[in-house]
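*Asks:* Okay, here's the structure, questions in a sec.
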Amino acid sequence: MKTLPKERRYETFSYLPPLTDAQIVRQIQYTIDQGYFPCIEFNEDSAAETCYWTMWKLPLFNCTSPQEVLNEVQQCRSEFPSCYIRVVAFDNIKQCQVMSFIVHKPNSGNNGNYSGGSGYRY
């Protein structure tokens with residue numbers, strides 16, 4: 001039995017292969033279909049004890065397509081290439097965050113997409 005390589009894990013989907021933009025779009029579409037509001041956040045550190053990340057902009061309350069969110073993710077990637085970037089989904093009924101996943105890791109070497117195995121600080 002082969003175990004996973006020893007590397008740092010981050011939030012939802014950390015144990016899966018890197019997400020492509022198409023897969024990110026599908027996850028964002030799911031959040032919109034569930035009635036959640038997507039938001040983009042970034043931070044220089046992704047340590048588990050770091051609870052507060054900086055919002056890229058206000059949550060995208062009026063977005064109707066995942067492409068709008070992906071465009072914001074790409075703008076955030078170009079503005080903050082050395083930061084971790086995640087998409088967060090907020091539930092307006094429960095008044096809480098219901099999902100988040102990393103979409104960019106610095107020094108990933110994969111055109112800014114989520115990727116594993118390189119550029120980590122231990």
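Order determines the names: the first chain of the structure tokens is A, the second B, and so forth; residues in each chain are numbered 1 upward, and ligands are numbered 1 upward as they are shown.
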So that each row is one residue of segment 61-88 of chain A with an atom at most 7 Å from segment 40-55 of chain A, can you give its shortest atom pair and the distance in Å to one decimal, using only C-alpha atoms, rows by chain and rising number, as CSV?
*Replies:*
```
residue,atom,partner,partner_atom,distance
A:Val73,CA,A:Ile40,CA,6.7
A:Ser82,CA,A:Glu44,CA,7.0
A:Cys83,CA,A:Glu44,CA,4.5
A:Tyr84,CA,A:Asn43,CA,5.4
A:Ile85,CA,A:Phe42,CA,4.4
A:Arg86,CA,A:Glu41,CA,5.4
A:Val87,CA,A:Ile40,CA,4.7
A:Val88,CA,A:Ile40,CA,6.2
```
*Asks:* Keeping only C-alpha atoms, write those residues as a PDB file, in the first residue's frame.
*Replies:*
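Generated output (selection_4.pdb):
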```pdb
ATOM      1  CA  VAL A  73      -9.730  34.638  -9.103  1.00  0.00           C
ATOM      2  CA  SER A  82       2.965  35.242  -3.888  1.00  0.00           C
ATOM      3  CA  CYS A  83      -0.183  34.669  -1.818  1.00  0.00           C
ATOM      4  CA  TYR A  84      -2.476  31.718  -1.245  1.00  0.00           C
ATOM      5  CA  ILE A  85      -5.906  32.286  -2.777  1.00  0.00           C
ATOM      6  CA  ARG A  86      -9.094  30.475  -1.862  1.00  0.00           C
ATOM      7  CA  VAL A  87     -12.733  30.524  -2.881  1.00  0.00           C
ATOM      8  CA  VAL A  88     -15.164  30.649   0.026  1.00  0.00           C
TER       9      VAL A  88
END
```
*Asks:* Would you mind listing what lies within 9 Å of Gln67 of chain A as a PDB file with C-alpha atoms, in the first residue's frame, with only C-alpha atoms counted and same-chain residues fewer than 2 positions away left out?
*Replies:*
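Saved the output as result15.pdb:
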```
ATOM      1  CA  VAL A  25     -15.580  26.333 -12.395  1.00  0.00           C
ATOM      2  CA  ILE A  28     -18.100  27.334  -8.128  1.00  0.00           C
ATOM      3  CA  GLN A  29     -21.185  26.323 -10.144  1.00  0.00           C
ATOM      4  CA  THR A  64     -24.919  34.337 -12.000  1.00  0.00           C
ATOM      5  CA  SER A  65     -22.106  32.396 -13.655  1.00  0.00           C
ATOM      6  CA  VAL A  69     -15.909  34.285 -10.065  1.00  0.00           C
ATOM      7  CA  LEU A  70     -13.076  32.687 -12.044  1.00  0.00           C
ATOM      8  CA  ASN A  71     -12.302  36.065 -13.626  1.00  0.00           C
ATOM      9  CA  GLU A  72     -11.974  37.540 -10.135  1.00  0.00           C
TER      10      GLU A  72
END
```
*Asks:* Let's see if you can do this: from backbone DSSP, list all strand (DSSP E or B) residues in segment 67-112 of chain A, as number ranges by chain.
*Replies:* A: 84-91, 96-104
*Asks:* In terms of the shortest atom-to-atom distance over only C-alpha atoms, which of A:His104, A:Lys2, A:Arg26, A:Lys57 is closest to Ser78 of chain A?
*Replies:* A:His104
*Asks:* In segment 35-102 of chain A, what's alpha helix (DSSP H) per DSSP? Answer as a list in words?
*Replies:*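 Put together, the selection reads Pro66, Gln67, Glu68, Val69, Leu70, Asn71, Glu72, Val73, Gln74, Gln75, Cys76, Arg77, Ser78 and Glu79 of chain A.
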*Asks:* Applying 12 Å and only C-alpha atoms, which residues near Met99 of chain A remain after dropping the ones on its own chain fewer than 4 positions away? List them as a ChimeraX atom specification.
*Replies:* /A:11-13,27-28,30-32,34,36-40,86-91
*Asks:* Could you save the residues just selected, with N, CA and C atoms, as a PDB file, in the first residue's frame?
*Replies:*
```
ATOM      1  N   GLU A  11      -7.027  22.622   3.616  1.00  0.00           N
ATOM      2  CA  GLU A  11      -8.475  22.673   3.477  1.00  0.00           C
ATOM      3  C   GLU A  11      -9.063  21.589   2.570  1.00  0.00           C
ATOM      4  N   THR A  12     -10.244  21.880   2.024  1.00  0.00           N
ATOM      5  CA  THR A  12     -10.964  20.947   1.179  1.00  0.00           C
ATOM      6  C   THR A  12     -10.173  20.654  -0.102  1.00  0.00           C
ATOM      7  N   PHE A  13     -10.199  19.443  -0.571  1.00  0.00           N
ATOM      8  CA  PHE A  13      -9.578  18.974  -1.810  1.00  0.00           C
ATOM      9  C   PHE A  13      -8.056  18.859  -1.733  1.00  0.00           C
ATOM     10  N   GLN A  27     -16.859  23.507  -9.297  1.00  0.00           N
ATOM     11  CA  GLN A  27     -17.073  23.688  -7.858  1.00  0.00           C
ATOM     12  C   GLN A  27     -17.799  25.002  -7.573  1.00  0.00           C
ATOM     13  N   ILE A  28     -17.428  26.043  -8.298  1.00  0.00           N
ATOM     14  CA  ILE A  28     -18.100  27.334  -8.128  1.00  0.00           C
ATOM     15  C   ILE A  28     -19.554  27.236  -8.578  1.00  0.00           C
ATOM     16  N   TYR A  30     -21.422  24.643  -8.412  1.00  0.00           N
ATOM     17  CA  TYR A  30     -22.121  23.943  -7.334  1.00  0.00           C
ATOM     18  C   TYR A  30     -22.507  24.921  -6.224  1.00  0.00           C
ATOM     19  N   THR A  31     -21.588  25.799  -5.827  1.00  0.00           N
ATOM     20  CA  THR A  31     -21.905  26.752  -4.758  1.00  0.00           C
ATOM     21  C   THR A  31     -23.033  27.692  -5.170  1.00  0.00           C
ATOM     22  N   ILE A  32     -23.013  28.136  -6.415  1.00  0.00           N
ATOM     23  CA  ILE A  32     -24.080  29.023  -6.906  1.00  0.00           C
ATOM     24  C   ILE A  32     -25.404  28.270  -6.959  1.00  0.00           C
ATOM     25  N   GLN A  34     -26.373  25.895  -5.093  1.00  0.00           N
ATOM     26  CA  GLN A  34     -26.862  25.675  -3.734  1.00  0.00           C
ATOM     27  C   GLN A  34     -27.398  26.965  -3.100  1.00  0.00           C
ATOM     28  N   TYR A  36     -25.429  29.569  -2.389  1.00  0.00           N
ATOM     29  CA  TYR A  36     -24.366  30.185  -1.602  1.00  0.00           C
ATOM     30  C   TYR A  36     -23.749  31.338  -2.383  1.00  0.00           C
ATOM     31  N   PHE A  37     -23.121  32.245  -1.661  1.00  0.00           N
ATOM     32  CA  PHE A  37     -22.468  33.391  -2.281  1.00  0.00           C
ATOM     33  C   PHE A  37     -20.959  33.185  -2.262  1.00  0.00           C
ATOM     34  N   PRO A  38     -20.324  33.146  -3.439  1.00  0.00           N
ATOM     35  CA  PRO A  38     -18.874  32.944  -3.472  1.00  0.00           C
ATOM     36  C   PRO A  38     -18.116  34.218  -3.118  1.00  0.00           C
ATOM     37  N   CYS A  39     -16.934  34.025  -2.590  1.00  0.00           N
ATOM     38  CA  CYS A  39     -16.058  35.131  -2.231  1.00  0.00           C
ATOM     39  C   CYS A  39     -14.624  34.656  -2.434  1.00  0.00           C
ATOM     40  N   ILE A  40     -13.732  35.561  -2.796  1.00  0.00           N
ATOM     41  CA  ILE A  40     -12.323  35.231  -2.974  1.00  0.00           C
ATOM     42  C   ILE A  40     -11.548  35.874  -1.832  1.00  0.00           C
ATOM     43  N   ARG A  86      -8.050  31.479  -2.023  1.00  0.00           N
ATOM     44  CA  ARG A  86      -9.094  30.475  -1.862  1.00  0.00           C
ATOM     45  C   ARG A  86     -10.448  31.057  -2.229  1.00  0.00           C
ATOM     46  N   VAL A  87     -11.340  30.167  -2.631  1.00  0.00           N
ATOM     47  CA  VAL A  87     -12.733  30.524  -2.881  1.00  0.00           C
ATOM     48  C   VAL A  87     -13.525  30.047  -1.675  1.00  0.00           C
ATOM     49  N   VAL A  88     -14.350  30.929  -1.155  1.00  0.00           N
ATOM     50  CA  VAL A  88     -15.164  30.649   0.026  1.00  0.00           C
ATOM     51  C   VAL A  88     -16.625  30.775  -0.378  1.00  0.00           C
ATOM     52  N   ALA A  89     -17.476  29.924   0.191  1.00  0.00           N
ATOM     53  CA  ALA A  89     -18.918  30.006  -0.065  1.00  0.00           C
ATOM     54  C   ALA A  89     -19.632  30.336   1.239  1.00  0.00           C
ATOM     55  N   PHE A  90     -20.488  31.362   1.191  1.00  0.00           N
ATOM     56  CA  PHE A  90     -21.248  31.789   2.359  1.00  0.00           C
ATOM     57  C   PHE A  90     -22.717  31.422   2.192  1.00  0.00           C
ATOM     58  N   ASP A  91     -23.327  30.966   3.267  1.00  0.00           N
ATOM     59  CA  ASP A  91     -24.755  30.654   3.305  1.00  0.00           C
ATOM     60  C   ASP A  91     -25.459  31.820   3.992  1.00  0.00           C
TER      61      ASP A  91
END
```
*Asks:* Rounded to one decimal place, report the atom CA of Gln74 of chain A-atom CA of Asn92 of chain A distance in Å.
*Replies:*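 Result for atom CA of Gln74 of chain A versus atom CA of Asn92 of chain A: 25.3 Å, one decimal.
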*Asks:* Would you mind reading off the distance between atom CA of Gln75 of chain A and atom CA of Gln97 of chain A, one decimal, in Å?
*Replies:*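 Computed distance, atom CA of Gln75 of chain A to atom CA of Gln97 of chain A, equals 22.6 Å.
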*Asks:* Quote the spacing between atom CA of Ile24 of chain A and atom CA of Ile102 of chain A in Å to one decimal place.
*Replies:*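 Between atom CA of Ile24 of chain A and atom CA of Ile102 of chain A the gap works out to 9.7 Å.
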